[in-house]
Amino acid sequence: PGAFAQEPTLTVFAAASMKNALDDINTAFTNETKIKVTASYAASSALMKQIEQGAPADVFASADLEWMDYGNQRKLVKSDTRVNLLGNRLVLIAPANSKTSSVTINKDTKFTELLGADGRLVTGDVRAVPVGKYAKAALEKLGLWAQVEPRMAMAENVRAALALVAREEAPLGIVYETDAKVEPKVKIVGAFPEGSHEPIVYPAAVTTQGKPDAAKYIQFLRSDAAKAIFEKYGFTWLNKPAA
Amino acid sequence: MMLSLDFAKRLGQVDIVAKFDVDAKAAALYGPSGAGKSSLINMIAGLIKPDRGHIAIRGETVFDSEARINVPAHQRNVGYVFQDGRLFPHMTVRSNLHYGRRMHRLPQDQAAEDRVVALLNLGNLLTRRPGNLSGGERQRVAIGRALLMQPRILLLDEPLASLDSARKAEVLPYFERLRDESGVPLLYVSHSADEIRRMAAVVVRVADGKAFGVEDAAGLIA
Amino acid sequence: MMLSLDFAKRLGQVDIVAKFDVDAKAAALYGPSGAGKSSLINMIAGLIKPDRGHIAIRGETVFDSEARINVPAHQRNVGYVFQDGRLFPHMTVRSNLHYGRRMHRLPQDQAAEDRVVALLNLGNLLTRRPGNLSGGERQRVAIGRALLMQPRILLLDEPLASLDSARKAEVLPYFERLRDESGVPLLYVSHSADEIRRMAAVVVRVADGKAFGVEDAAGLIA
Amino acid sequence: MPTLTPEEWTAIKISLRIAALATILALPPGIAIAWVLARKRFWGKSLLDGLVHLPLVMPPVVTGYLLLIWLGRRSPVGSFLADTFGIVLSFRWTGAAVACAVMGFPLLVRAARLSFEAIDPRLEQAAATLGANWFWRFFTVTLPLALPGIIAGMVLCFAKALGEFGATITFVSNIPGETQTISAAIYTYTQIPNADAQAARLVVIAIVIALIALVASEWLARRAGARAYGYE
Amino acid sequence: MPTLTPEEWTAIKISLRIAALATILALPPGIAIAWVLARKRFWGKSLLDGLVHLPLVMPPVVTGYLLLIWLGRRSPVGSFLADTFGIVLSFRWTGAAVACAVMGFPLLVRAARLSFEAIDPRLEQAAATLGANWFWRFFTVTLPLALPGIIAGMVLCFAKALGEFGATITFVSNIPGETQTISAAIYTYTQIPNADAQAARLVVIAIVIALIALVASEWLARRAGARAYGYE
Ligand SMILES: Nc1ncnc2c1ncn2[C@@H]1O[C@H](COP(=O)(O)OP(=O)(O)OP(=O)(O)O)[C@@H](O)[C@H]1O
Ligand SMILES: Nc1ncnc2c1ncn2[C@@H]1O[C@H](COP(=O)(O)OP(=O)(O)OP(=O)(O)O)[C@@H](O)[C@H]1O
Ligand code: MOO
Ligand SMILES: [Mg+2]
Ligand SMILES: [Mg+2]
């Protein structure tokens, strides 16, 4: 009953990686508007398919453009409410005690040397997990993909990739800057140049069946109060209307 | 006619063929180990289905391959004391004893129960479970269980084999009384010529799976 | 001294207390159902541990609560024919027969095997599994299994109970020969005074869990 | 460990409710199918057996998707249930219980089946000669004797329901107070930075619950086993 | 269905290899622990039982994470294995097999334990009087009689290994040609928009493999069961 009670309530389906920030924002939103928010955090793919099957979601916040596009095509979200909320940067990390200290990432970077004889380069799944997709695009653009492809290890999500580097299983990893910054057992040793990949974007939108109050929620996500919270958790504030 | 049968059944490499009519109050099956006595009784009880033939118990046909009659075991109302006990391990001795009565929805008959319990000396076993009963104790409970269901025929597969002679001497007369007074006919497997002469009017000899015809029990000389 | 024992054991509500020495080639245990005969034999075989006391088989102490001796069952070299058969269901009759010999690493003795197989008429059962043997067939295999392990004492718990008289008449002399020629002493549970008089020189009466002293078998009158 | 937060309490209560309902839901069909697989020979038996094992063989997420498609409110079955009985599974804790029941089903069936197979059919024969028809034979002899396996199966199903999140989160999402179980909460915490401590707390809670359930089941099973095998 | 692509073949081969190794790895300790749980009474038995069930109770991702911590190359156990035997688990299919073995372990143990519990101890006593010491009793009587449950447990473990990906992917990640199983591939496709067709193909393949394994195991179990219960 809780989630579907009579009092004004919004249900937000959001990518799991946004939980920390959104929990705080939801509290702030409720304080301000007296509208309760229930958030369901899971993989963007699962959430979108649930919306497709009639889930009672009012707002969808994705870690990934592709699943938002999927919803757009199927008219599951109101495209005019869509906003590219957050951005992020792609960085190269190494275990905190690694000898590798600073790597310039360009077309001449020798990843095979940096990885040693049998080291792996971990990131998200290059087909399915956003961070992996960005990483692959960047490596391809730099002409490094052929070199590193046999050395890739693909984790199920950013956190798992981070854990593999933190545990020194892998000498190098490609993750989001936000995640790298809060893990003390890793250090950032390089950043991917601007333009080596599409901008990293976390979009949000009201679902087609979303309650009128959902627009207020999107509005709140774009407010300065929300900005402060997102930035506190390391996200880059973007707040661009979708093209 | 207490029992009328004529059937055949192949079991593994053994052919069981039986054809006889018994009209005595008690009959014995007599024959060497592996002859087919238990198999024969199983078919009368409805636990094994003959390949062909017919079986009638006290005039009622319970199996007829041509008329496609095969009354299921639970409707034959046949009391069966198995050679191997087969007590229900998860029930107390008392529940074992009452099982048949309950299944037949018979009212509890305390007098009958007391009689059977006393006769078989089950008094201080009633609350125990079969798991650690002695061999003879188990056999006695099995006999009691079959008696208390008020069957229309009693099949006894070596019921006294593991009883001591004192107990035997007590149980035999009870079977006799049962036979004579309550009119429940007995079909009795035994290896003891003495026992058979005492219990049964007629004997069916079983050998090598064959059981044909009936002879006088008095003439039995082991 | 074939067997010397003096022990006590509490089993449920029954106290088993035994104290006797037997120095005959064969002794019988005799007593009503539930008296404690099987329990007594189980303690000799090492399957139940007495609470206190001692047991010696042919001069060797196999249990002594004070000296903290308790030879495990598999080292007592005691042939045991169980009241309830206990054949290994996953082995053929032949594998059952050979089991004890194999475990004792005895060489295969074809002559002995043939003798036992013929005696117990197991010839056409050898490749079968115990699952659907008849009651008597099972008993015979169990006897054969215990004989073939060449035990230093044979414990027989109602071994002939489910055998027909013809088979009994064949097996009894074999036991006698075993006793007289190979010198394997027998401890024999039976309800038949006849059998006991024939087999055993002495009788130990068991009643209500108590087994004290030894009497002459010849004096046994059921 | 400091005292539990209200959210943790909620997740615990939901987990227990879901695991209990899942076990109850899986039990009757589980026993029936276990019995059929143990005792009957029929055409398509391997197929049925395969079907039962599917939730084990497929990634849980796939099971979750299939449930979403087959039992969601847009599906024929889902709308039939909703219209006829007013039962809505999508995004409700009842739906989570259904998902867990499906995931635990193969475990329950296997354990029950093993116990059915181990029962001596001669005891059922004895019951038949004593006048018990199929129904009574099953409920007075077969079922009580299979109890140890059935309890073991229920434990496996309950435990799996506590640990399951892949199918659940995919079918009914991860809604606090409604479908968010301890497992789903743990999973969520593993997805965000610096939440290892919260995740660890919940893992400990899950372990404690599981241990309590196990000890209780052991005790039950010991009693049932003692009865089934006849020693006491 | 069109013919399989080389990548699909590779994933199938890896899945089978991992599931087979996982089952083999889980078998000896599984049998040992099942036997101990079935036959012994000791202090801490419930705890051992609880420990065995843990992989069922915890979200697979957590299990994978714990494996990473305990068996990774920086862990004492992991570095011991690497230095002494040259066994490296991280990022290797062997590591995936270890993860699957852990996940399947509770299922294997339960099934085997049920069979051990159902064995009539009087048969072991008979073997003892015939001169069999503990070792021979176990291997000639106990183990053969428990075979139906052990086979059932192996099937569950194998099936679970085919379907498992949460613990695996967390422990050894997803490396095509090394650790990418069918399940991991299916999962990946479920995360890609509009890749349902590819996912469905792989699901069908997984089901076919599972059915073949099941039919084979049924056949084995029937033989073993016939022997254990003595009918043939
Ligand atoms: N483990 C046990 N727990 C409780 N009571 C037991 C146990 N084992 C045996 N008894 C009881 O001890 C008594 C002796 O049993 P035992 O099997 O030794 O009898 P027996 O002399 O062999 O009888 P029978 O001739 O009927 O086989 C019986 O009353 C039996 O019920
Ligand atoms: N299902 C079966 N398959 C194969 N053979 C069987 C089967 N059932 C019984 N037999 C065989 O049929 C024969 C008759 O068995 P049955 O049990 O009827 O003998 P019995 O006369 O009762 O012997 P006993 O006096 O030893 O109990 C035996 O040789 C037995 O091994
Ligand atoms: O691998 Mo699971 O079994 O995700 O829930
Ligand atoms: Mg018979
Ligand atoms: Mg006895």
# chains A, B, ... in the order shown; residues from 1 in each chain; ligands from 1
>>> interface_residues(of="chain C", to="chain E", cutoff="6 Å", atoms="only C-alpha atoms", output="PyMOL selection string")
chain C and resi 73-74+86+89-90+100+103-104+131
>>> closest_atom_pairs(of="chain E", to="chain A", cutoff="6 Å", atoms="only C-alpha atoms", output="CSV")
residue,atom,partner,partner_atom,distance
E:Ser173,CA,A:Ala155,CA,4.8
E:Asn174,CA,A:Met154,CA,4.8
E:Ile175,CA,A:Ala153,CA,5.2
E:Thr188,CA,A:Ala128,CA,5.6
E:Gln191,CA,A:Ala128,CA,5.1
E:Ile192,CA,A:Ala128,CA,5.2
>>> write_last_selection(atoms="N, CA, C and O atoms", output="PDB file, in the first residue's frame")
ATOM      1  N   SER E 173      34.692 -10.737 -13.622  1.00  0.00           N
ATOM      2  CA  SER E 173      34.217  -9.869 -14.703  1.00  0.00           C
ATOM      3  C   SER E 173      33.901 -10.680 -15.959  1.00  0.00           C
ATOM      4  O   SER E 173      33.834 -11.900 -15.917  1.00  0.00           O
ATOM      5  N   ASN E 174      33.728  -9.971 -17.048  1.00  0.00           N
ATOM      6  CA  ASN E 174      33.123 -10.577 -18.225  1.00  0.00           C
ATOM      7  C   ASN E 174      34.102 -10.427 -19.368  1.00  0.00           C
ATOM      8  O   ASN E 174      34.210  -9.374 -19.968  1.00  0.00           O
ATOM      9  N   ILE E 175      34.851 -11.488 -19.641  1.00  0.00           N
ATOM     10  CA  ILE E 175      35.861 -11.413 -20.682  1.00  0.00           C
ATOM     11  C   ILE E 175      35.509 -12.416 -21.768  1.00  0.00           C
ATOM     12  O   ILE E 175      35.558 -13.623 -21.539  1.00  0.00           O
ATOM     13  N   THR E 188      24.079  -9.280 -20.676  1.00  0.00           N
ATOM     14  CA  THR E 188      24.557  -8.125 -21.429  1.00  0.00           C
ATOM     15  C   THR E 188      23.504  -7.686 -22.448  1.00  0.00           C
ATOM     16  O   THR E 188      23.184  -6.501 -22.556  1.00  0.00           O
ATOM     17  N   GLN E 191      20.714  -5.627 -21.330  1.00  0.00           N
ATOM     18  CA  GLN E 191      21.027  -4.249 -20.970  1.00  0.00           C
ATOM     19  C   GLN E 191      21.130  -3.353 -22.201  1.00  0.00           C
ATOM     20  O   GLN E 191      21.370  -2.168 -22.084  1.00  0.00           O
ATOM     21  N   ILE E 192      21.040  -3.963 -23.369  1.00  0.00           N
ATOM     22  CA  ILE E 192      21.159  -3.179 -24.601  1.00  0.00           C
ATOM     23  C   ILE E 192      19.775  -3.006 -25.203  1.00  0.00           C
ATOM     24  O   ILE E 192      19.056  -3.992 -25.366  1.00  0.00           O
TER      25      ILE E 192
END
>>> calpha_fit_rmsd(fixed="chain E", moving="chain D")
0.2 Å
>>> closest_residue(among="B:Ser33, B:Gln108, B:Gln139, B:Gln150", to="chain C", atoms="only C-alpha atoms")
B:Ser33
>>> residues_near_ligand(ligand="ligand 5", cutoff="7 Å", atoms="only C-alpha atoms and all ligand atoms", output="PyMOL selection string")
(chain B and resi 134-136) or (chain C and resi 33-34+36-38+83+157)
>>> residues_near_ligand(ligand="ligand 3", cutoff="8 Å", atoms="only C-alpha atoms and all ligand atoms", output="count of residues only")
21
>>> interface_residues(of="chain E", to="chain D", cutoff="9 Å", atoms="only C-alpha atoms", output="ChimeraX atom specification")
/E:46-47,49-51,53-62,106-107,110-111,114-115,117-120,148-149,152-153,156,158-166,183-184,186-187,190,199,203,206-207,210-212,214-215,218,225,229
>>> interface_residues(of="chain C", to="chain B", cutoff="10 Å", atoms="only C-alpha atoms", output="number ranges by chain")
C: 11-12, 30-39, 83-84, 121, 132-140, 157-158, 160-168, 190-193, 222
>>> select_by_dssp(residues="region 9-167 of chain D", states="helix (DSSP H, G or I)", output="ChimeraX atom specification")
/D:9-39,45-57,60-71,76-85,93-118,121-129,134-163,166-167
>>> select_by_dssp(residues="chain B", states="strand (DSSP E or B)", output="VMD selection string")
chain B and resid 3 to 11 14 to 22 26 to 30 52 to 57 60 to 64 69 to 70 78 to 81 153 to 157 186 to 189 202 to 205 207 210 to 212 215 to 216
>>> write_last_selection(atoms="C-alpha atoms", output="PDB file, in the first residue's frame")
ATOM      1  CA  LEU B   3     -12.188 -68.065  -2.500  1.00  0.00           C
ATOM      2  CA  SER B   4     -12.319 -68.968  -6.117  1.00  0.00           C
ATOM      3  CA  LEU B   5      -9.480 -68.196  -8.427  1.00  0.00           C
ATOM      4  CA  ASP B   6      -7.952 -69.048 -11.724  1.00  0.00           C
ATOM      5  CA  PHE B   7      -5.200 -66.787 -12.969  1.00  0.00           C
ATOM      6  CA  ALA B   8      -1.699 -66.491 -14.335  1.00  0.00           C
ATOM      7  CA  LYS B   9       1.028 -63.919 -13.908  1.00  0.00           C
ATOM      8  CA  ARG B  10       4.610 -63.640 -15.035  1.00  0.00           C
ATOM      9  CA  LEU B  11       6.984 -62.235 -12.395  1.00  0.00           C
ATOM     10  CA  VAL B  14       8.794 -67.079 -12.624  1.00  0.00           C
ATOM     11  CA  ASP B  15       5.334 -67.938 -13.894  1.00  0.00           C
ATOM     12  CA  ILE B  16       2.710 -67.925 -11.174  1.00  0.00           C
ATOM     13  CA  VAL B  17      -0.287 -70.002 -12.195  1.00  0.00           C
ATOM     14  CA  ALA B  18      -3.083 -70.770  -9.768  1.00  0.00           C
ATOM     15  CA  LYS B  19      -6.431 -72.431 -10.133  1.00  0.00           C
ATOM     16  CA  PHE B  20      -8.424 -73.604  -7.177  1.00  0.00           C
ATOM     17  CA  ASP B  21     -11.630 -73.092  -5.236  1.00  0.00           C
ATOM     18  CA  VAL B  22     -11.654 -73.174  -1.477  1.00  0.00           C
ATOM     19  CA  ALA B  26      -9.588 -71.739   6.711  1.00  0.00           C
ATOM     20  CA  ALA B  27      -7.098 -72.812   4.117  1.00  0.00           C
ATOM     21  CA  ALA B  28      -3.364 -72.975   4.171  1.00  0.00           C
ATOM     22  CA  LEU B  29      -0.787 -72.279   1.516  1.00  0.00           C
ATOM     23  CA  TYR B  30       2.087 -74.638   1.878  1.00  0.00           C
ATOM     24  CA  ARG B  52      -5.247 -62.828 -16.949  1.00  0.00           C
ATOM     25  CA  GLY B  53      -7.900 -64.802 -15.125  1.00  0.00           C
ATOM     26  CA  HIS B  54     -10.337 -64.098 -12.341  1.00  0.00           C
ATOM     27  CA  ILE B  55     -10.502 -63.954  -8.565  1.00  0.00           C
ATOM     28  CA  ALA B  56     -13.621 -64.039  -6.403  1.00  0.00           C
ATOM     29  CA  ILE B  57     -13.647 -63.507  -2.647  1.00  0.00           C
ATOM     30  CA  GLU B  60     -17.711 -61.287  -5.135  1.00  0.00           C
ATOM     31  CA  THR B  61     -15.553 -61.020  -8.215  1.00  0.00           C
ATOM     32  CA  VAL B  62     -12.679 -58.702  -7.417  1.00  0.00           C
ATOM     33  CA  PHE B  63     -10.720 -59.382 -10.564  1.00  0.00           C
ATOM     34  CA  ASP B  64     -11.723 -60.546 -13.986  1.00  0.00           C
ATOM     35  CA  ILE B  69     -12.988 -55.884 -13.377  1.00  0.00           C
ATOM     36  CA  ASN B  70     -10.184 -54.967 -11.028  1.00  0.00           C
ATOM     37  CA  VAL B  78      -8.935 -57.849   2.897  1.00  0.00           C
ATOM     38  CA  GLY B  79      -6.930 -58.020   6.107  1.00  0.00           C
ATOM     39  CA  TYR B  80      -3.322 -58.717   5.242  1.00  0.00           C
ATOM     40  CA  VAL B  81      -0.570 -59.575   7.696  1.00  0.00           C
ATOM     41  CA  ILE B 153     -11.052 -62.371   4.787  1.00  0.00           C
ATOM     42  CA  LEU B 154      -7.697 -62.544   6.541  1.00  0.00           C
ATOM     43  CA  LEU B 155      -4.522 -63.227   4.580  1.00  0.00           C
ATOM     44  CA  LEU B 156      -1.752 -64.286   6.895  1.00  0.00           C
ATOM     45  CA  ASP B 157       1.745 -64.585   5.455  1.00  0.00           C
ATOM     46  CA  LEU B 186      -8.419 -67.311   6.888  1.00  0.00           C
ATOM     47  CA  LEU B 187      -5.845 -67.930   4.211  1.00  0.00           C
ATOM     48  CA  TYR B 188      -2.728 -68.893   5.993  1.00  0.00           C
ATOM     49  CA  VAL B 189       0.871 -69.315   4.829  1.00  0.00           C
ATOM     50  CA  VAL B 202      -7.626 -77.704   3.554  1.00  0.00           C
ATOM     51  CA  VAL B 203      -4.213 -77.105   2.093  1.00  0.00           C
ATOM     52  CA  VAL B 204      -3.169 -75.699  -1.249  1.00  0.00           C
ATOM     53  CA  ARG B 205       0.285 -76.858  -2.210  1.00  0.00           C
ATOM     54  CA  ALA B 207       5.510 -75.321  -5.840  1.00  0.00           C
ATOM     55  CA  LYS B 210       2.041 -73.502  -9.530  1.00  0.00           C
ATOM     56  CA  ALA B 211      -0.926 -73.873  -7.201  1.00  0.00           C
ATOM     57  CA  PHE B 212      -3.548 -76.307  -8.379  1.00  0.00           C
ATOM     58  CA  GLU B 215      -6.144 -81.326  -0.419  1.00  0.00           C
ATOM     59  CA  ASP B 216      -7.141 -82.295   3.034  1.00  0.00           C
TER      60      ASP B 216
END
>>> residues_around(residues="Ala19 (chain E)", least_positions_apart="2", cutoff="7 Å", atoms="only C-alpha atoms", output="VMD selection string")
chain E and resid 15 to 17 21 to 23 97 158 161 to 162
>>> residues_around(residues="Arg197 (chain B)", least_positions_apart="4", cutoff="8 Å", atoms="only C-alpha atoms", output="ChimeraX atom specification")
/B:193,201,217-218,220
>>> residues_around(residues="Pro176 (chain D)", least_positions_apart="3", cutoff="9 Å", atoms="only C-alpha atoms", output="list in words")
Gly2, Ala3, Thr38, Ala39 and Ser40 of chain A; Glu7, Thr10, Ala11, Thr179, Gln180, Thr181 and Ala185 of chain D
>>> residues_around(residues="Phe116 (chain E)", least_positions_apart="5", cutoff="7 Å", atoms="only C-alpha atoms", output="VMD selection string")
chain E and resid 35 38 146
>>> write_last_selection(atoms="N, CA, C and O atoms", output="PDB file, in the first residue's frame")
ATOM      1  N   TRP E  35      27.375 -35.327   4.511  1.00  0.00           N
ATOM      2  CA  TRP E  35      27.432 -36.500   5.381  1.00  0.00           C
ATOM      3  C   TRP E  35      27.531 -36.077   6.849  1.00  0.00           C
ATOM      4  O   TRP E  35      26.829 -36.590   7.714  1.00  0.00           O
ATOM      5  N   ALA E  38      24.307 -34.803   8.015  1.00  0.00           N
ATOM      6  CA  ALA E  38      23.279 -35.838   8.122  1.00  0.00           C
ATOM      7  C   ALA E  38      23.518 -36.736   9.327  1.00  0.00           C
ATOM      8  O   ALA E  38      22.573 -37.177   9.980  1.00  0.00           O
ATOM      9  N   ALA E 146      23.407 -43.363  -1.458  1.00  0.00           N
ATOM     10  CA  ALA E 146      23.062 -41.936  -1.505  1.00  0.00           C
ATOM     11  C   ALA E 146      23.148 -41.388  -2.919  1.00  0.00           C
ATOM     12  O   ALA E 146      22.879 -40.211  -3.144  1.00  0.00           O
TER      13      ALA E 146
END
